[in-house]
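Some notes on the structure that comes next.
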Amino acid sequence: MKLVYKIILPIILIVVFSLTVVGVFMKRSIDSSILRERQVRLNFNVLKESAVFLTKKDFEEPIDQAILEKKLENFADRLKDASVARINIWNRKNEIIFSDDKNLIGRSFPEKSELVSVFQGERIAQFKKPNLKDPTLVPFSRFADIFIPLRLEAESDYAAGVEVISVADILTAPAEEIITNLILGVIFSGFLIMGVSFIIIKWFVVSPLNFLEEAADIIKEGNLEYKIGSDTRDEIGNLTRAFDNMRESLKEATRTLRKNLKQDEAILKSMEEGVIALSLDLRITVFNKMAEKLSGWKAIEVIGKSANQYVKFISEETKQEVNLFQEFLEKKEPCSISGLLLRGKNGTEIPVADFIAPILDESENILGFVLVLRDITKELEMDRAKNEFIGIASHEMRTPLSTIKSYAESFLSGALGKLTDEQLQFMSQINSSNEAAIDLINNLLLLSSLRLDEKFETKATDLDFIVAGNIARLNFLAKAKNISLDYKKTDQPLPQVFINPQLLSHAFKNILDNAIKYTSGGGHIEVKYEVKPESVAVLVKDSGVGIPESEHSRVFQKFYRSKQARLLYPTGIGLGLATTKTIIERMGGKIWFESAVGKGTAFYISLPIVRKT
């Protein structure tokens with residue numbers, strides 16, 4: 001509904017209601033005034049005419065009925081005028097002794113309550129609806145019923161009651177005409193006021209608002225230079241100026257937004273990573289220059305289209321297509337990208353890495369997600385060259401280290417003569433350091449071969465055989481530190497896992513060896529299994545020094561050692577856990593840990609179960 005009607009309609013309703021109330025009030029006031037005036041006039045006529053025709057003796061016994069009827073008839077004739085429909089005269093016995101309706105003469109009406117008041121000297125005047133059984137009054141919608149007490153001598157009782165029934169239509173016709181004319185005048189004035197109000201509201205309220213609406217449409221179309229302007233100091237003027245201020249703020253915000261957008265576009269164009277933004281329904285919304293270079297597709301070709309059609313990933317290991325977007329939509333958490341090839345427009349496959357992350361609003365609701373890709377072809381080549389160099393260098397170093405080990409063991413065994421205590425101590429240190437160097441070379445060679453994606457033999461293996469064997473070999477180290485090693489075997493045979501036994505043995509040895517190293521004397525180590533429908537896990541839990549939470553993310557990095565590890569064992573270069581993680585993941589397993597400083601560490605190695613076919 002338009003504003004003008006919202007304003008005018010309540011005014012119309014108020015005027016109509018006011019007219020109704022005023023009309024009813026005036027009608028009742030004029031009715032009362034007419035009845036009072038009629039009552040006063042009749043009272044005067046009754047007193048005047050009764051003095052001429054009637055005396056007190058006319059109502060005392062014995063009565064000459066014929067004479068009394070003649071007197072009453074003459075008395076009644078003198079009271080009549082154009083409005084009088086009937087005159088009834090009552091005695092104190094509530095009997096009608098005279099009436100224009102001859103059928104009523106002599107009848108008694110004891111229930112006539114008005115007569116009680118009349119014979120006490122009260123005058124009664126009221127409008128009534130006629131009794132439909134009374135044929136003389138049926139034509140009239142209502143009548144004025146006026147009762148007047150009749151006293152014939154001073155200080156005497158009221159001898160009779162005079163009831164004058166007047167036609168109400170004749171009495172109230174002038175009043176109704178006055179009321180009708182008044183109401184018509186008020187209605188005309190009301191509509192005149194409403195018409196003037198309509199014009200004023202239309203001119204001073206609705207028209208400026210319509211102008212504001214037109215201005216809003218112009219600004220919505222992008223014309224932020226359009227200014228309304230207003231010199232008035234009323235609310236509409238204030239609203240117009242506020243609208244102009246809002247337009248200026250919007251123009252400034254748009255200018256800033258465009259500037260930031262251009263900066264963002266420049267940053268996206270200059271980035272060395274490919275950036276692809278997608279909506280929740282996997283429609284591409286952003287596709288920068290590097291994304292075009294990596295994929296071979298142009299932004300104009302892919303914007304607004306499904307990412308599944310243009311951005312495809314291949315597993316570097318299985319060479320099968322990977323639905324990266326579906327996996328992310330299920331997790332909805334940032335995750336890194338590795339081991340994937342991006343298939344380009346022309347069928348080229350480029351190794352890529354980096355991450356995929358959700359785009360969130362202020363309420364942490366996901367609006368879409370962003371994919372950041374980096375071509376790692378050169379990195380892989382450099383890594384491969386580095387690993388080849390490490391492999392060659394390690395092979396070359398193993399020969400002199402083996403020679404040193406042989407000579408050191410010969411001296412320690414006494415085969416080359418007895419050594420003094422000081423010589424024996426020095427030779428033990430040489431042998432120990434040589435063993436550490438050989439262990440380092442072995443880890444480097446193993447890590448190098450794994451990083452070079454060298455194939456290794458796998459087979460269905462009993463996991464308990466590997467775990468129990470390493471516990472038997474390392475238990476003497478635990479006993480030497482007074483550490484209890486609790487190995488909880490299962491009652492039921494463990495399902496087999498498809499692994500390389502030698503590599504898994506090396507990985508488990510690293511975990512158990514670390515648990516013994518970093519658990520103080522008198523501590524406790526627990527080894528047990530957790531069997532699930534798809535996998536079996538071995539848990540190595542110790543009561544050692546633990547790992548600070550701030551260092552958890554770096555534990556599996558190459559050449560990293562925690563602060564507690566460096567304090568307890570200064571030697572070592574931090575390759576054991578990195579090698580272990582690579583071995584486990586290459587066999588399709590998972591490794592993770594839980595740890596807190598002073599509360600120990602629990603490492604989990606989970607491997608997939610061999611399915612019987």
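Residues are named by chain letter and number: chains run A, B, ... in the order of the structure tokens, numbers start at 1 in each chain, and ligands are numbered from 1 in the order shown.
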Would you kindly return, as a count of residues only, each protein, DNA or RNA residue with an atom no farther than 10 Å from any atom of Ile219 in chain A, considering only C-alpha atoms and excluding same-chain residues fewer than 5 positions away?
-> 9
Just how far from CA of Gly185 in chain A is CA of Trp203 in chain A, in Å to one decimal?
-> 26.7 Å
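Put simply, CA of Glu409 in chain A is 8.9 Å away from CA of Ser428 in chain A.
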Check range 171-352 of chain A with DSSP on the backbone and list each residue it calls helix (DSSP H, G or I), as a PyMOL selection string.
-> chain A and resi 171-220+235-270+289-295+299-302+307-310+324-331
Only C-alpha atoms, please: the residues just picked out, written as a short mmCIF file (atom, residue, chain, number, x, y, z; two decimals), in the first residue's frame.
```cif
data_model
loop_
_atom_site.label_atom_id
_atom_site.label_comp_id
_atom_site.auth_asym_id
_atom_site.auth_seq_id
_atom_site.Cartn_x
_atom_site.Cartn_y
_atom_site.Cartn_z
CA LEU A 171 -41.60 15.93 17.58
CA THR A 172 -38.10 14.99 16.37
CA ALA A 173 -38.37 15.88 12.68
CA PRO A 174 -36.85 19.37 13.17
CA ALA A 175 -34.11 17.92 15.35
CA GLU A 176 -33.31 15.17 12.86
CA GLU A 177 -33.19 17.74 10.08
CA ILE A 178 -30.80 19.83 12.13
CA ILE A 179 -28.67 16.76 12.91
CA THR A 180 -28.72 15.61 9.29
CA ASN A 181 -27.67 19.02 8.02
CA LEU A 182 -25.01 19.23 10.71
CA ILE A 183 -23.64 15.78 9.93
CA LEU A 184 -23.66 16.50 6.19
CA GLY A 185 -21.79 19.70 6.89
CA VAL A 186 -19.27 17.92 9.06
CA ILE A 187 -18.86 15.13 6.45
CA PHE A 188 -18.32 17.70 3.74
CA SER A 189 -15.83 19.54 5.92
CA GLY A 190 -14.13 16.23 6.76
CA PHE A 191 -13.76 15.25 3.12
CA LEU A 192 -12.57 18.75 2.32
CA ILE A 193 -9.96 18.46 5.07
CA MET A 194 -8.98 15.01 3.82
CA GLY A 195 -8.66 16.28 0.27
CA VAL A 196 -6.48 19.17 1.36
CA SER A 197 -4.48 16.77 3.58
CA PHE A 198 -4.05 14.42 0.63
CA ILE A 199 -2.68 17.22 -1.54
CA ILE A 200 -0.37 18.46 1.24
CA ILE A 201 0.91 14.96 2.03
CA LYS A 202 1.30 14.17 -1.65
CA TRP A 203 3.20 17.38 -2.30
CA PHE A 204 5.35 17.66 0.84
CA VAL A 205 5.84 13.97 1.82
CA VAL A 206 5.12 11.49 -0.96
CA SER A 207 6.66 13.45 -3.84
CA PRO A 208 10.04 13.90 -2.06
CA LEU A 209 10.00 10.21 -1.13
CA ASN A 210 9.25 9.25 -4.74
CA PHE A 211 12.16 11.46 -5.76
CA LEU A 212 14.37 9.63 -3.23
CA GLU A 213 13.22 6.30 -4.69
CA GLU A 214 14.13 7.43 -8.21
CA ALA A 215 17.52 8.63 -6.94
CA ALA A 216 18.11 5.25 -5.27
CA ASP A 217 17.40 3.50 -8.60
CA ILE A 218 19.87 5.79 -10.37
CA ILE A 219 22.58 5.11 -7.76
CA LYS A 220 21.80 1.38 -7.86
CA GLU A 235 12.55 15.59 8.39
CA ILE A 236 12.40 14.99 4.62
CA GLY A 237 15.25 17.41 4.12
CA ASN A 238 17.26 15.70 6.84
CA LEU A 239 16.54 12.34 5.20
CA THR A 240 17.67 13.70 1.82
CA ARG A 241 20.93 15.03 3.27
CA ALA A 242 21.49 11.71 5.07
CA PHE A 243 20.92 9.95 1.76
CA ASP A 244 23.52 12.17 0.09
CA ASN A 245 25.98 11.49 2.92
CA MET A 246 25.36 7.77 2.54
CA ARG A 247 25.99 8.08 -1.21
CA GLU A 248 29.30 9.85 -0.54
CA SER A 249 30.31 7.14 1.94
CA LEU A 250 29.32 4.48 -0.56
CA LYS A 251 31.32 6.22 -3.29
CA GLU A 252 34.37 6.37 -1.04
CA ALA A 253 33.95 2.73 0.02
CA THR A 254 33.56 1.70 -3.62
CA ARG A 255 36.66 3.66 -4.56
CA THR A 256 38.63 1.96 -1.76
CA LEU A 257 37.20 -1.43 -2.71
CA ARG A 258 38.19 -0.97 -6.35
CA LYS A 259 41.66 0.12 -5.29
CA ASN A 260 42.04 -2.93 -3.06
CA LEU A 261 40.63 -5.13 -5.82
CA LYS A 262 43.21 -3.82 -8.26
CA GLN A 263 45.94 -4.42 -5.69
CA ASP A 264 44.66 -7.95 -5.10
CA GLU A 265 44.55 -8.56 -8.84
CA ALA A 266 48.10 -7.27 -9.18
CA ILE A 267 49.25 -9.51 -6.33
CA LEU A 268 47.50 -12.52 -7.82
CA LYS A 269 49.06 -11.85 -11.23
CA SER A 270 52.54 -11.50 -9.75
CA LYS A 289 48.00 -16.00 -14.42
CA MET A 290 50.14 -18.73 -12.87
CA ALA A 291 47.08 -21.05 -12.73
CA GLU A 292 46.68 -20.39 -16.46
CA LYS A 293 50.36 -21.24 -17.04
CA LEU A 294 50.23 -24.44 -14.99
CA SER A 295 46.97 -25.76 -16.45
CA ALA A 299 40.70 -17.67 -17.02
CA ILE A 300 38.00 -16.59 -19.49
CA GLU A 301 37.50 -20.27 -20.41
CA VAL A 302 36.98 -21.57 -16.86
CA ALA A 307 36.37 -27.17 -11.39
CA ASN A 308 35.95 -30.93 -11.87
CA GLN A 309 35.94 -30.33 -15.61
CA TYR A 310 39.10 -28.21 -15.84
CA LEU A 324 40.68 -33.70 -4.37
CA PHE A 325 37.66 -31.38 -4.09
CA GLN A 326 35.29 -34.07 -2.81
CA GLU A 327 37.82 -35.13 -0.19
CA PHE A 328 38.15 -31.53 0.97
CA LEU A 329 34.38 -30.94 1.09
CA GLU A 330 34.08 -33.92 3.43
CA LYS A 331 36.80 -32.61 5.82
#
```
In terms of the shortest atom-to-atom distance over only C-alpha atoms, which of A:Ala125, A:Arg28, A:Asp100, A:Val162 is closest to Ser50 in chain A?
-> A:Val162
Spatial neighbours of range 344-355 of chain A, 12 Å, only C-alpha atoms, chain gap at least 2 places, as a PyMOL selection string = chain A and resi 272-276+291-298+301-302+309-317+319+321+324-325+328+333-342+357-358+369-381
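Each of A:Glu549, A:Asn510, A:Ser543, A:Asn288 was checked against Thr579 in chain A using only C-alpha atoms; the smallest atom-to-atom distance is that of A:Asn510.
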Would you mind reading off the distance between CA of Ile124 in chain A and CA of Lys70 in chain A, one decimal, in Å?
-> 26.6 Å
